file entry.cif (mmCIF, C-alpha atoms and all ligand atoms)
data_work
#
loop_
_atom_site.group_PDB
_atom_site.id
_atom_site.type_symbol
_atom_site.label_atom_id
_atom_site.label_comp_id
_atom_site.auth_asym_id
_atom_site.auth_seq_id
_atom_site.Cartn_x
_atom_site.Cartn_y
_atom_site.Cartn_z
ATOM 1 C CA MET A 1 42.774 88.407 -95.806
ATOM 2 C CA SER A 2 39.904 86.846 -93.889
ATOM 3 C CA ALA A 3 39.288 88.233 -90.406
ATOM 4 C CA ASP A 4 40.105 86.020 -87.414
ATOM 5 C CA LEU A 5 37.361 86.806 -84.915
ATOM 6 C CA THR A 6 38.423 84.335 -82.241
ATOM 7 C CA GLY A 7 37.638 85.783 -78.812
ATOM 8 C CA LYS A 8 35.284 88.427 -80.193
ATOM 9 C CA VAL A 9 31.581 88.649 -79.359
ATOM 10 C CA ALA A 10 29.246 89.544 -82.236
ATOM 11 C CA LEU A 11 25.606 90.553 -81.785
ATOM 12 C CA VAL A 12 23.425 90.755 -84.896
ATOM 13 C CA THR A 13 19.881 92.103 -84.657
ATOM 14 C CA GLY A 14 17.276 90.480 -86.890
ATOM 15 C CA SER A 15 19.394 87.377 -87.404
ATOM 16 C CA THR A 16 16.743 84.658 -87.419
ATOM 17 C CA SER A 17 16.481 85.076 -91.202
ATOM 18 C CA GLY A 18 18.046 86.444 -94.385
ATOM 19 C CA ILE A 19 21.074 88.735 -94.310
ATOM 20 C CA GLY A 20 21.400 88.789 -90.512
ATOM 21 C CA LEU A 21 21.487 85.002 -90.269
ATOM 22 C CA ALA A 22 24.161 84.800 -92.991
ATOM 23 C CA MET A 23 26.251 87.385 -91.118
ATOM 24 C CA ALA A 24 25.878 85.644 -87.749
ATOM 25 C CA LYS A 25 26.864 82.320 -89.329
ATOM 26 C CA ASN A 26 29.892 83.857 -91.021
ATOM 27 C CA PHE A 27 31.064 85.524 -87.784
ATOM 28 C CA ALA A 28 30.732 82.147 -86.014
ATOM 29 C CA ARG A 29 32.716 80.466 -88.798
ATOM 30 C CA LEU A 30 35.464 83.053 -88.230
ATOM 31 C CA GLY A 31 35.603 82.180 -84.524
ATOM 32 C CA ALA A 32 33.315 84.723 -82.846
ATOM 33 C CA GLN A 33 30.857 84.052 -80.053
ATOM 34 C CA VAL A 34 27.529 84.967 -81.600
ATOM 35 C CA VAL A 35 24.318 86.414 -80.150
ATOM 36 C CA ILE A 36 21.317 86.250 -82.442
ATOM 37 C CA ASN A 37 18.029 88.112 -82.221
ATOM 38 C CA GLY A 38 14.820 88.388 -84.207
ATOM 39 C CA LEU A 39 11.263 87.215 -84.517
ATOM 40 C CA GLY A 40 10.160 83.661 -85.216
ATOM 41 C CA ASP A 41 8.561 80.626 -83.605
ATOM 42 C CA ASP A 42 10.591 78.118 -81.569
ATOM 43 C CA ALA A 43 11.263 75.943 -84.634
ATOM 44 C CA ALA A 44 12.575 78.871 -86.703
ATOM 45 C CA ILE A 45 14.832 80.036 -83.873
ATOM 46 C CA GLN A 46 16.147 76.515 -83.326
ATOM 47 C CA ALA A 47 16.785 76.190 -87.080
ATOM 48 C CA ALA A 48 18.782 79.452 -87.044
ATOM 49 C CA LYS A 49 20.802 78.264 -84.050
ATOM 50 C CA ASP A 50 21.454 74.881 -85.705
ATOM 51 C CA GLU A 51 22.651 76.581 -88.874
ATOM 52 C CA ILE A 52 25.197 78.575 -86.874
ATOM 53 C CA THR A 53 26.389 75.704 -84.673
ATOM 54 C CA SER A 54 26.952 73.665 -87.849
ATOM 55 C CA VAL A 55 30.055 75.819 -88.445
ATOM 56 C CA SER A 56 31.160 76.519 -84.860
ATOM 57 C CA ASP A 57 31.827 74.666 -81.602
ATOM 58 C CA LEU A 58 30.563 77.615 -79.551
ATOM 59 C CA THR A 59 26.999 77.805 -78.281
ATOM 60 C CA VAL A 60 24.716 80.447 -79.759
ATOM 61 C CA LYS A 61 22.742 82.795 -77.525
ATOM 62 C CA TYR A 62 19.312 83.906 -78.722
ATOM 63 C CA ASP A 63 17.813 87.116 -77.320
ATOM 64 C CA SER A 64 14.157 87.789 -78.101
ATOM 65 C CA ALA A 65 14.338 91.598 -77.661
ATOM 66 C CA ASN A 66 11.770 93.295 -79.853
ATOM 67 C CA MET A 67 13.370 96.159 -81.777
ATOM 68 C CA LEU A 68 10.257 98.224 -81.030
ATOM 69 C CA ASP A 69 11.126 98.163 -77.311
ATOM 70 C CA ALA A 70 14.006 100.425 -76.212
ATOM 71 C CA ASP A 71 14.220 98.888 -72.716
ATOM 72 C CA ALA A 72 14.402 95.354 -74.123
ATOM 73 C CA ILE A 73 17.186 96.479 -76.497
ATOM 74 C CA THR A 74 19.247 97.942 -73.636
ATOM 75 C CA ALA A 75 18.683 94.777 -71.604
ATOM 76 C CA MET A 76 19.830 92.652 -74.573
ATOM 77 C CA ILE A 77 23.189 94.454 -74.728
ATOM 78 C CA SER A 78 23.666 94.253 -70.917
ATOM 79 C CA SER A 79 22.807 90.574 -70.876
ATOM 80 C CA ALA A 80 25.327 89.784 -73.675
ATOM 81 C CA GLU A 81 28.023 91.790 -71.855
ATOM 82 C CA GLU A 82 27.283 90.003 -68.572
ATOM 83 C CA GLU A 83 27.361 86.555 -70.150
ATOM 84 C CA PHE A 84 30.327 86.972 -72.523
ATOM 85 C CA GLY A 85 32.175 90.027 -71.138
ATOM 86 C CA ALA A 86 31.698 92.265 -74.200
ATOM 87 C CA VAL A 87 29.853 93.174 -77.343
ATOM 88 C CA ASP A 88 32.742 93.750 -79.761
ATOM 89 C CA ILE A 89 30.850 93.618 -83.033
ATOM 90 C CA LEU A 90 27.349 95.033 -83.343
ATOM 91 C CA VAL A 91 25.384 94.628 -86.550
ATOM 92 C CA ASN A 92 22.189 96.654 -86.716
ATOM 93 C CA ASN A 93 20.337 94.619 -89.282
ATOM 94 C CA ALA A 94 16.696 94.146 -88.202
ATOM 95 C CA GLY A 95 14.358 95.700 -90.704
ATOM 96 C CA ILE A 96 10.883 95.590 -92.194
ATOM 97 C CA GLN A 97 9.298 97.015 -95.329
ATOM 98 C CA HIS A 98 5.892 98.353 -96.304
ATOM 99 C CA THR A 99 4.977 99.823 -99.667
ATOM 100 C CA ALA A 100 2.254 102.425 -100.214
ATOM 101 C CA ARG A 101 2.074 105.994 -101.454
ATOM 102 C CA ILE A 102 2.530 108.650 -98.769
ATOM 103 C CA ASP A 103 -1.105 109.715 -98.853
ATOM 104 C CA GLU A 104 -2.157 106.111 -98.245
ATOM 105 C CA PHE A 105 0.677 104.999 -95.941
ATOM 106 C CA PRO A 106 -0.686 103.548 -92.665
ATOM 107 C CA LYS A 107 0.588 105.742 -89.824
ATOM 108 C CA ALA A 108 1.301 102.787 -87.524
ATOM 109 C CA ARG A 109 3.498 101.172 -90.220
ATOM 110 C CA TRP A 110 5.455 104.437 -90.562
ATOM 111 C CA ASP A 111 6.114 104.428 -86.794
ATOM 112 C CA ASP A 112 7.146 100.752 -86.783
ATOM 113 C CA ILE A 113 9.531 101.145 -89.735
ATOM 114 C CA ILE A 114 11.233 104.178 -88.182
ATOM 115 C CA ALA A 115 11.487 102.350 -84.837
ATOM 116 C CA ILE A 116 12.793 99.012 -86.162
ATOM 117 C CA ASN A 117 14.909 100.201 -89.115
ATOM 118 C CA LEU A 118 16.378 103.330 -87.480
ATOM 119 C CA SER A 119 15.739 103.977 -83.768
ATOM 120 C CA SER A 120 16.736 100.445 -82.709
ATOM 121 C CA ALA A 121 20.241 101.120 -84.077
ATOM 122 C CA PHE A 122 20.483 104.214 -81.878
ATOM 123 C CA HIS A 123 19.387 102.193 -78.815
ATOM 124 C CA THR A 124 21.806 99.290 -79.428
ATOM 125 C CA SER A 125 24.714 101.640 -80.201
ATOM 126 C CA SER A 126 23.993 103.841 -77.205
ATOM 127 C CA ALA A 127 24.023 100.782 -74.918
ATOM 128 C CA ALA A 128 27.067 99.084 -76.510
ATOM 129 C CA LEU A 129 29.400 102.083 -76.989
ATOM 130 C CA PRO A 130 30.408 102.621 -73.328
ATOM 131 C CA GLY A 131 31.788 99.047 -73.166
ATOM 132 C CA MET A 132 33.508 99.437 -76.554
ATOM 133 C CA GLN A 133 35.094 102.705 -75.399
ATOM 134 C CA LYS A 134 36.316 101.101 -72.150
ATOM 135 C CA ARG A 135 37.884 98.173 -74.022
ATOM 136 C CA ASP A 136 39.065 100.374 -76.940
ATOM 137 C CA PHE A 137 37.562 98.056 -79.525
ATOM 138 C CA GLY A 138 34.318 98.128 -81.439
ATOM 139 C CA ARG A 139 32.956 97.449 -84.904
ATOM 140 C CA ILE A 140 29.448 98.739 -85.570
ATOM 141 C CA ILE A 141 27.909 97.856 -88.919
ATOM 142 C CA ASN A 142 24.587 99.368 -89.879
ATOM 143 C CA ILE A 143 22.711 97.542 -92.608
ATOM 144 C CA ALA A 144 21.278 100.443 -94.553
ATOM 145 C CA SER A 145 20.288 99.985 -98.199
ATOM 146 C CA VAL A 146 20.685 101.603 -101.579
ATOM 147 C CA HIS A 147 17.524 103.309 -100.305
ATOM 148 C CA GLY A 148 19.779 105.149 -97.855
ATOM 149 C CA LEU A 149 21.218 106.920 -100.917
ATOM 150 C CA VAL A 150 18.356 107.163 -103.412
ATOM 151 C CA GLY A 151 14.573 107.141 -103.238
ATOM 152 C CA SER A 152 11.875 104.931 -104.761
ATOM 153 C CA VAL A 153 8.148 105.502 -104.922
ATOM 154 C CA GLU A 154 5.922 103.892 -102.274
ATOM 155 C CA LYS A 155 8.794 103.438 -99.794
ATOM 156 C CA SER A 156 8.664 106.706 -97.827
ATOM 157 C CA ALA A 157 9.221 105.252 -94.354
ATOM 158 C CA TYR A 158 11.911 102.804 -95.495
ATOM 159 C CA VAL A 159 13.805 105.439 -97.501
ATOM 160 C CA ALA A 160 13.567 107.934 -94.617
ATOM 161 C CA ALA A 161 14.810 105.347 -92.091
ATOM 162 C CA LYS A 162 17.663 104.196 -94.342
ATOM 163 C CA HIS A 163 18.805 107.765 -95.092
ATOM 164 C CA GLY A 164 18.629 108.328 -91.326
ATOM 165 C CA ILE A 165 20.789 105.327 -90.468
ATOM 166 C CA ILE A 166 23.497 106.570 -92.840
ATOM 167 C CA GLY A 167 23.490 109.844 -90.883
ATOM 168 C CA LEU A 168 23.669 107.932 -87.603
ATOM 169 C CA THR A 169 26.589 105.924 -89.021
ATOM 170 C CA LYS A 170 28.567 109.103 -89.746
ATOM 171 C CA VAL A 171 27.985 110.592 -86.291
ATOM 172 C CA THR A 172 28.832 107.312 -84.528
ATOM 173 C CA ALA A 173 32.056 107.160 -86.562
ATOM 174 C CA LEU A 174 33.031 110.762 -85.799
ATOM 175 C CA GLU A 175 32.314 110.559 -82.074
ATOM 176 C CA ASN A 176 34.593 107.516 -81.741
ATOM 177 C CA ALA A 177 37.169 108.220 -84.429
ATOM 178 C CA THR A 178 40.217 108.460 -82.167
ATOM 179 C CA GLN A 179 39.541 105.068 -80.610
ATOM 180 C CA ASN A 180 39.734 101.623 -82.206
ATOM 181 C CA ILE A 181 36.004 101.813 -82.872
ATOM 182 C CA THR A 182 34.591 102.024 -86.382
ATOM 183 C CA CYS A 183 31.063 102.426 -87.671
ATOM 184 C CA ASN A 184 30.129 101.827 -91.295
ATOM 185 C CA ALA A 185 26.985 101.234 -93.301
ATOM 186 C CA ILE A 186 26.446 98.554 -95.934
ATOM 187 C CA CYS A 187 23.986 99.488 -98.678
ATOM 188 C CA PRO A 188 22.659 96.457 -100.565
ATOM 189 C CA GLY A 189 20.485 96.583 -103.653
ATOM 190 C CA TRP A 190 18.120 93.640 -104.179
ATOM 191 C CA VAL A 191 18.907 90.597 -102.031
ATOM 192 C CA ARG A 192 16.669 87.560 -102.340
ATOM 193 C CA THR A 193 15.464 87.166 -98.740
ATOM 194 C CA PRO A 194 11.914 86.865 -97.312
ATOM 195 C CA LEU A 195 11.736 90.703 -97.260
ATOM 196 C CA VAL A 196 12.189 90.884 -101.051
ATOM 197 C CA GLU A 197 10.379 87.628 -101.773
ATOM 198 C CA ALA A 198 7.198 89.375 -100.576
ATOM 199 C CA GLN A 199 7.807 92.171 -103.119
ATOM 200 C CA ILE A 200 8.435 89.639 -105.911
ATOM 201 C CA GLU A 201 5.186 87.851 -105.060
ATOM 202 C CA ALA A 202 3.272 91.156 -104.991
ATOM 203 C CA LEU A 203 4.640 92.061 -108.453
ATOM 204 C CA ALA A 204 3.798 88.584 -109.804
ATOM 205 C CA THR A 205 0.222 88.943 -108.597
ATOM 206 C CA LYS A 206 -0.151 92.535 -109.846
ATOM 207 C CA ASP A 207 1.231 91.835 -113.349
ATOM 208 C CA GLY A 208 0.024 88.217 -113.679
ATOM 209 C CA LEU A 209 3.579 86.826 -113.977
ATOM 210 C CA GLU A 210 5.351 83.641 -112.967
ATOM 211 C CA LYS A 211 7.436 84.305 -109.846
ATOM 212 C CA GLU A 212 10.796 84.002 -111.632
ATOM 213 C CA GLU A 213 9.616 86.403 -114.365
ATOM 214 C CA ALA A 214 8.617 88.863 -111.644
ATOM 215 C CA ALA A 215 12.052 88.495 -109.999
ATOM 216 C CA LYS A 216 13.727 89.319 -113.332
ATOM 217 C CA ARG A 217 11.463 92.332 -113.820
ATOM 218 C CA LEU A 218 12.219 93.574 -110.294
ATOM 219 C CA LEU A 219 15.965 93.378 -110.996
ATOM 220 C CA ALA A 220 15.634 94.993 -114.419
ATOM 221 C CA SER A 221 13.705 97.928 -112.946
ATOM 222 C CA LYS A 222 16.634 99.082 -110.801
ATOM 223 C CA GLU A 223 19.790 96.965 -110.850
ATOM 224 C CA PRO A 224 22.067 97.247 -113.931
ATOM 225 C CA SER A 225 23.948 94.020 -113.121
ATOM 226 C CA LEU A 226 20.628 92.097 -113.296
ATOM 227 C CA ARG A 227 21.921 89.994 -110.407
ATOM 228 C CA PHE A 228 20.861 89.757 -106.777
ATOM 229 C CA THR A 229 23.556 90.461 -104.170
ATOM 230 C CA THR A 230 23.773 87.337 -101.988
ATOM 231 C CA PRO A 231 23.586 87.246 -98.177
ATOM 232 C CA GLN A 232 27.011 85.552 -98.191
ATOM 233 C CA GLN A 233 28.558 88.444 -100.155
ATOM 234 C CA LEU A 234 27.166 90.850 -97.563
ATOM 235 C CA ALA A 235 28.458 88.637 -94.735
ATOM 236 C CA ASP A 236 31.922 88.675 -96.321
ATOM 237 C CA ALA A 237 31.803 92.487 -96.516
ATOM 238 C CA ALA A 238 30.877 92.667 -92.829
ATOM 239 C CA ALA A 239 33.791 90.362 -91.972
ATOM 240 C CA PHE A 240 36.108 92.602 -94.010
ATOM 241 C CA LEU A 241 34.989 95.614 -91.945
ATOM 242 C CA CYS A 242 35.833 93.691 -88.757
ATOM 243 C CA GLY A 243 39.272 92.609 -89.960
ATOM 244 C CA PRO A 244 42.605 94.429 -90.141
ATOM 245 C CA ALA A 245 42.007 95.892 -93.628
ATOM 246 C CA GLY A 246 38.909 97.685 -92.353
ATOM 247 C CA SER A 247 40.402 99.166 -89.199
ATOM 248 C CA ASN A 248 40.778 102.724 -90.557
ATOM 249 C CA MET A 249 37.567 102.671 -92.546
ATOM 250 C CA THR A 250 34.845 104.524 -90.672
ATOM 251 C CA GLY A 251 31.763 106.594 -91.450
ATOM 252 C CA SER A 252 31.499 105.110 -94.926
ATOM 253 C CA SER A 253 28.621 103.644 -96.875
ATOM 254 C CA LEU A 254 29.592 100.552 -98.818
ATOM 255 C CA THR A 255 27.262 100.091 -101.798
ATOM 256 C CA MET A 256 26.665 96.499 -102.902
ATOM 257 C CA ASP A 257 23.886 97.198 -105.342
ATOM 258 C CA GLY A 258 24.956 95.976 -108.796
ATOM 259 C CA GLY A 259 25.314 99.578 -109.989
ATOM 260 C CA TRP A 260 21.847 100.758 -108.881
ATOM 261 C CA SER A 261 23.101 103.955 -107.190
ATOM 262 C CA ALA A 262 25.633 104.679 -109.963
ATOM 263 C CA GLN A 263 22.837 105.624 -112.375
HETATM 264 P P1 LIG A 301 14.393 89.355 -93.514
HETATM 265 O O1 LIG A 301 12.931 89.648 -93.476
HETATM 266 O O2 LIG A 301 14.864 88.054 -94.042
HETATM 267 O O3 LIG A 301 15.022 89.534 -92.054
HETATM 268 C C1 LIG A 301 14.635 90.556 -91.196
HETATM 269 C C2 LIG A 301 15.032 90.182 -89.793
HETATM 270 O O4 LIG A 301 14.578 91.244 -88.917
HETATM 271 C C3 LIG A 301 14.352 88.890 -89.302
HETATM 272 O O5 LIG A 301 15.244 88.163 -88.482
HETATM 273 C C4 LIG A 301 13.201 89.429 -88.458
HETATM 274 O O6 LIG A 301 12.777 88.519 -87.450
HETATM 275 C C5 LIG A 301 13.847 90.658 -87.847
HETATM 276 N N1 LIG A 301 12.862 91.581 -87.297
HETATM 277 C C6 LIG A 301 11.811 92.163 -87.921
HETATM 278 N N2 LIG A 301 11.095 92.891 -87.033
HETATM 279 C C7 LIG A 301 11.744 92.772 -85.838
HETATM 280 C C8 LIG A 301 11.497 93.282 -84.534
HETATM 281 N N3 LIG A 301 10.433 94.052 -84.263
HETATM 282 N N4 LIG A 301 12.362 92.959 -83.540
HETATM 283 C C9 LIG A 301 13.415 92.149 -83.784
HETATM 284 N N5 LIG A 301 13.694 91.639 -84.990
HETATM 285 C C10 LIG A 301 12.864 91.949 -86.003
HETATM 286 O O7 LIG A 301 15.010 90.588 -94.319
HETATM 287 P P2 LIG A 301 16.467 90.868 -94.919
HETATM 288 O O8 LIG A 301 16.277 91.114 -96.354
HETATM 289 O O9 LIG A 301 17.458 89.860 -94.457
HETATM 290 O O10 LIG A 301 16.743 92.294 -94.260
HETATM 291 C C11 LIG A 301 17.779 92.530 -93.330
HETATM 292 C C12 LIG A 301 18.194 93.985 -93.426
HETATM 293 O O11 LIG A 301 18.741 94.238 -94.726
HETATM 294 C C13 LIG A 301 17.042 94.981 -93.249
HETATM 295 O O12 LIG A 301 17.476 96.077 -92.493
HETATM 296 C C14 LIG A 301 16.745 95.396 -94.667
HETATM 297 O O13 LIG A 301 16.160 96.680 -94.735
HETATM 298 C C15 LIG A 301 18.130 95.382 -95.267
HETATM 299 N N6 LIG A 301 18.143 95.311 -96.728
HETATM 300 C C16 LIG A 301 17.589 94.254 -97.377
HETATM 301 C C17 LIG A 301 17.612 94.237 -98.761
HETATM 302 C C18 LIG A 301 17.020 93.107 -99.558
HETATM 303 O O14 LIG A 301 16.940 93.245 -100.780
HETATM 304 N N7 LIG A 301 16.619 92.001 -98.955
HETATM 305 C C19 LIG A 301 18.196 95.293 -99.466
HETATM 306 C C20 LIG A 301 18.743 96.346 -98.765
HETATM 307 C C21 LIG A 301 18.722 96.342 -97.390
#

call {"tool": "encode", "arguments": {"input": "entry.cif", "output": "structure tokens"}}
result
Amino acid sequence: MSADLTGKVALVTGSTSGIGLAMAKNFARLGAQVVINGLGDDAAIQAAKDEITSVSDLTVKYDSANMLDADAITAMISSAEEEFGAVDILVNNAGIQHTARIDEFPKARWDDIIAINLSSAFHTSSAALPGMQKRDFGRIINIASVHGLVGSVEKSAYVAAKHGIIGLTKVTALENATQNITCNAICPGWVRTPLVEAQIEALATKDGLEKEEAAKRLLASKEPSLRFTTPQQLADAAAFLCGPAGSNMTGSSLTMDGGWSAQ
């Protein structure tokens, strides 16, 4: 059964692109008031807003909070609550990647990945939970990764942050278990978004391959299904977690990785 999110307010971090944009659009399609966030120039932000308003009559709020800035994150939650009365659904999705071996990993990139991929989810949750507790409703969805469950070489910061966000998911779930507040993680394998496109291009350059050959090789290296999970499939999973069937599901990690973590 598809969730009816009429009257709910959904805030998705990192939703100017990729998985976050697909989730924001899907929430809007299901009736929610949506707040988007993320980097991008005016044209990219307008394009994201247009994509969402193409399926909804509601306006879309954009908040430019940088996920590196704890004060801006707190202000983003307050501003959404002031304007719309609540943040009912919070998706912690913003994320970046950098690949290098630990002994060569740039220290500033480590700090940024931990801040954006992990600490920002603490700051949003910390700011949004008091309102959720008062209203006795909340759905927090942390976009982790199969890398929250298994490791891969050259991804130390990403793997550490994603394992961390699965831990944060469990504690958030436990601390709010007796209320109508759930917190779950979604763990995708490869999804063909700009974040992975950069890795496909790097592999194509390194191995002298056509881009589509490199994409196939990337899949074959990890994902038994040999298929990318789509942003829409992830958006449907998020909607499921917000609907009635997901109401007693909390603290879990939903793998959507084509069998990657089953190996
Ligand atoms: P993407 O690059 O398309 O989107 C990332 C989003 O995060 C963009 O909107 C970007 O503007 C935003 N962002 C980056 N830095 C930010 C900052 N400092 N402040 C605010 N926003 C910021 O990537 P995606 O693939 O859609 O990734 C979304 C999430 O899914 C990430 O957490 C990623 O780790 C996770 N994930 C992706 C894959 C995949 O294969 N693409 C797999 C597993 C998990």

call {"tool": "resolve_selection", "arguments": {"input": "entry.cif", "expression": "the PyMOL selection byres (((chain A and resi 157) around 7) and not hetatm)", "output": "list in words"}}
result
Trp110, Ile113, Ile114, Lys155, Ser156, Tyr158, Val159, Ala160 and Ala161 of chain A

call {"tool": "closest_atom_pairs", "arguments": {"input": "entry.cif", "of": "chain A", "to": "ligand LIG 301 (chain A)", "cutoff": "7 Å", "atoms": "all atoms listed in the file", "output": "JSON lines"}}
result
{"residue": "A:Thr13", "atom": "CA", "partner": "A:LIG301", "partner_atom": "N5", "distance": 6.2}
{"residue": "A:Gly14", "atom": "CA", "partner": "A:LIG301", "partner_atom": "O4", "distance": 3.5}
{"residue": "A:Ser15", "atom": "CA", "partner": "A:LIG301", "partner_atom": "O5", "distance": 4.4}
{"residue": "A:Thr16", "atom": "CA", "partner": "A:LIG301", "partner_atom": "O5", "distance": 4.0}
{"residue": "A:Ser17", "atom": "CA", "partner": "A:LIG301", "partner_atom": "O5", "distance": 4.3}
{"residue": "A:Gly18", "atom": "CA", "partner": "A:LIG301", "partner_atom": "O9", "distance": 3.5}
{"residue": "A:Ile19", "atom": "CA", "partner": "A:LIG301", "partner_atom": "O9", "distance": 3.8}
{"residue": "A:Gly20", "atom": "CA", "partner": "A:LIG301", "partner_atom": "O9", "distance": 5.7}
{"residue": "A:Asn37", "atom": "CA", "partner": "A:LIG301", "partner_atom": "N5", "distance": 6.2}
{"residue": "A:Gly38", "atom": "CA", "partner": "A:LIG301", "partner_atom": "N5", "distance": 3.5}
{"residue": "A:Leu39", "atom": "CA", "partner": "A:LIG301", "partner_atom": "O6", "distance": 3.5}
{"residue": "A:Gly40", "atom": "CA", "partner": "A:LIG301", "partner_atom": "O6", "distance": 6.0}
{"residue": "A:Ala65", "atom": "CA", "partner": "A:LIG301", "partner_atom": "C9", "distance": 6.2}
{"residue": "A:Asn66", "atom": "CA", "partner": "A:LIG301", "partner_atom": "N4", "distance": 3.7}
{"residue": "A:Met67", "atom": "CA", "partner": "A:LIG301", "partner_atom": "N4", "distance": 3.8}
{"residue": "A:Leu68", "atom": "CA", "partner": "A:LIG301", "partner_atom": "N3", "distance": 5.3}
{"residue": "A:Asn93", "atom": "CA", "partner": "A:LIG301", "partner_atom": "O12", "distance": 4.5}
{"residue": "A:Ala94", "atom": "CA", "partner": "A:LIG301", "partner_atom": "O4", "distance": 3.7}
{"residue": "A:Gly95", "atom": "CA", "partner": "A:LIG301", "partner_atom": "O12", "distance": 3.6}
{"residue": "A:Ile96", "atom": "CA", "partner": "A:LIG301", "partner_atom": "C6", "distance": 5.6}
{"residue": "A:Gln97", "atom": "CA", "partner": "A:LIG301", "partner_atom": "O13", "distance": 6.9}
{"residue": "A:Ile116", "atom": "CA", "partner": "A:LIG301", "partner_atom": "N3", "distance": 5.8}
{"residue": "A:Asn117", "atom": "CA", "partner": "A:LIG301", "partner_atom": "O12", "distance": 5.9}
{"residue": "A:Ile143", "atom": "CA", "partner": "A:LIG301", "partner_atom": "O12", "distance": 5.4}
{"residue": "A:Ala144", "atom": "CA", "partner": "A:LIG301", "partner_atom": "C21", "distance": 5.6}
{"residue": "A:Ser145", "atom": "CA", "partner": "A:LIG301", "partner_atom": "C20", "distance": 4.0}
{"residue": "A:Val146", "atom": "CA", "partner": "A:LIG301", "partner_atom": "C20", "distance": 6.3}
{"residue": "A:Cys187", "atom": "CA", "partner": "A:LIG301", "partner_atom": "C20", "distance": 6.1}
{"residue": "A:Pro188", "atom": "CA", "partner": "A:LIG301", "partner_atom": "C20", "distance": 4.3}
{"residue": "A:Gly189", "atom": "CA", "partner": "A:LIG301", "partner_atom": "C19", "distance": 4.9}
{"residue": "A:Trp190", "atom": "CA", "partner": "A:LIG301", "partner_atom": "O14", "distance": 3.6}
{"residue": "A:Val191", "atom": "CA", "partner": "A:LIG301", "partner_atom": "O14", "distance": 3.5}
{"residue": "A:Arg192", "atom": "CA", "partner": "A:LIG301", "partner_atom": "N7", "distance": 5.6}
{"residue": "A:Thr193", "atom": "CA", "partner": "A:LIG301", "partner_atom": "O8", "distance": 4.7}
{"residue": "A:Pro194", "atom": "CA", "partner": "A:LIG301", "partner_atom": "O2", "distance": 4.6}
{"residue": "A:Leu195", "atom": "CA", "partner": "A:LIG301", "partner_atom": "O1", "distance": 4.1}
{"residue": "A:Val196", "atom": "CA", "partner": "A:LIG301", "partner_atom": "N7", "distance": 5.0}

call {"tool": "atom_distance", "arguments": {"input": "entry.cif", "atom1": "CA of Val55 in chain A", "atom2": "CA of Ala235 in chain A"}}
result
14.4 Å

call {"tool": "residues_around", "arguments": {"input": "entry.cif", "residues": "Phe228 in chain A", "least_positions_apart": "4", "cutoff": "12 Å", "atoms": "only C-alpha atoms", "output": "ChimeraX atom specification"}}
result
/A:188-193,196-197,215-216,218-220,222-224,232-234,256-260

call {"tool": "residues_around", "arguments": {"input": "entry.cif", "residues": "Val9 in chain A", "least_positions_apart": "4", "cutoff": "10 Å", "atoms": "all atoms listed in the file", "output": "JSON, numbers by chain"}}
result
{"A": [5, 27, 28, 31, 32, 33, 34, 35, 80, 81, 84, 85, 86, 87, 88, 89, 90]}

call {"tool": "closest_residue", "arguments": {"input": "entry.cif", "among": "A:Ala115, A:Ala43, A:Ile102, A:Ala121", "to": "Leu168 in chain A", "atoms": "all atoms listed in the file"}}
result
A:Ala121

call {"tool": "closest_residue", "arguments": {"input": "entry.cif", "among": "A:Leu174, A:Ile186, A:Ile36, A:Ala72", "to": "Ser120 in chain A", "atoms": "all atoms listed in the file"}}
result
A:Ala72

call {"tool": "residues_around", "arguments": {"input": "entry.cif", "residues": "Thr124 in chain A", "least_positions_apart": "5", "cutoff": "7 Å", "atoms": "all atoms listed in the file", "output": "list in words"}}
result
Ile73, Thr74 and Ile77 of chain A

call {"tool": "closest_residue", "arguments": {"input": "entry.cif", "among": "A:Asn26, A:Ser64, A:Thr229, A:Asn248", "to": "Ile52 in chain A", "atoms": "all atoms listed in the file"}}
result
A:Asn26

call {"tool": "closest_residue", "arguments": {"input": "entry.cif", "among": "A:Asn180, A:Ser126, A:Thr205, A:Gln263", "to": "Pro244 in chain A", "atoms": "all atoms listed in the file"}}
result
A:Asn180

call {"tool": "build_atoms", "arguments": {"input": "entry.cif", "residues": "range 221-225 of chain A", "atoms": "N, CA, C and O atoms", "output": "compact mmCIF listing (two decimals), in the coordinates of the input"}}
result
# COMPACT_ATOMS: atom_id res chain seq x y z
N SER A 221 14.24 96.59 -113.21
CA SER A 221 13.70 97.93 -112.95
C SER A 221 14.72 98.84 -112.28
O SER A 221 14.61 100.05 -112.35
N LYS A 222 15.74 98.25 -111.62
CA LYS A 222 16.63 99.08 -110.80
C LYS A 222 18.11 98.72 -110.90
O LYS A 222 18.98 99.56 -110.70
N GLU A 223 18.43 97.43 -111.11
CA GLU A 223 19.79 96.96 -110.85
C GLU A 223 20.51 96.59 -112.15
O GLU A 223 20.23 95.53 -112.73
N PRO A 224 21.43 97.47 -112.63
CA PRO A 224 22.07 97.25 -113.93
C PRO A 224 22.74 95.88 -114.07
O PRO A 224 22.78 95.32 -115.17
N SER A 225 23.26 95.32 -113.01
CA SER A 225 23.95 94.02 -113.12
C SER A 225 22.97 92.89 -113.41
O SER A 225 23.39 91.79 -113.80
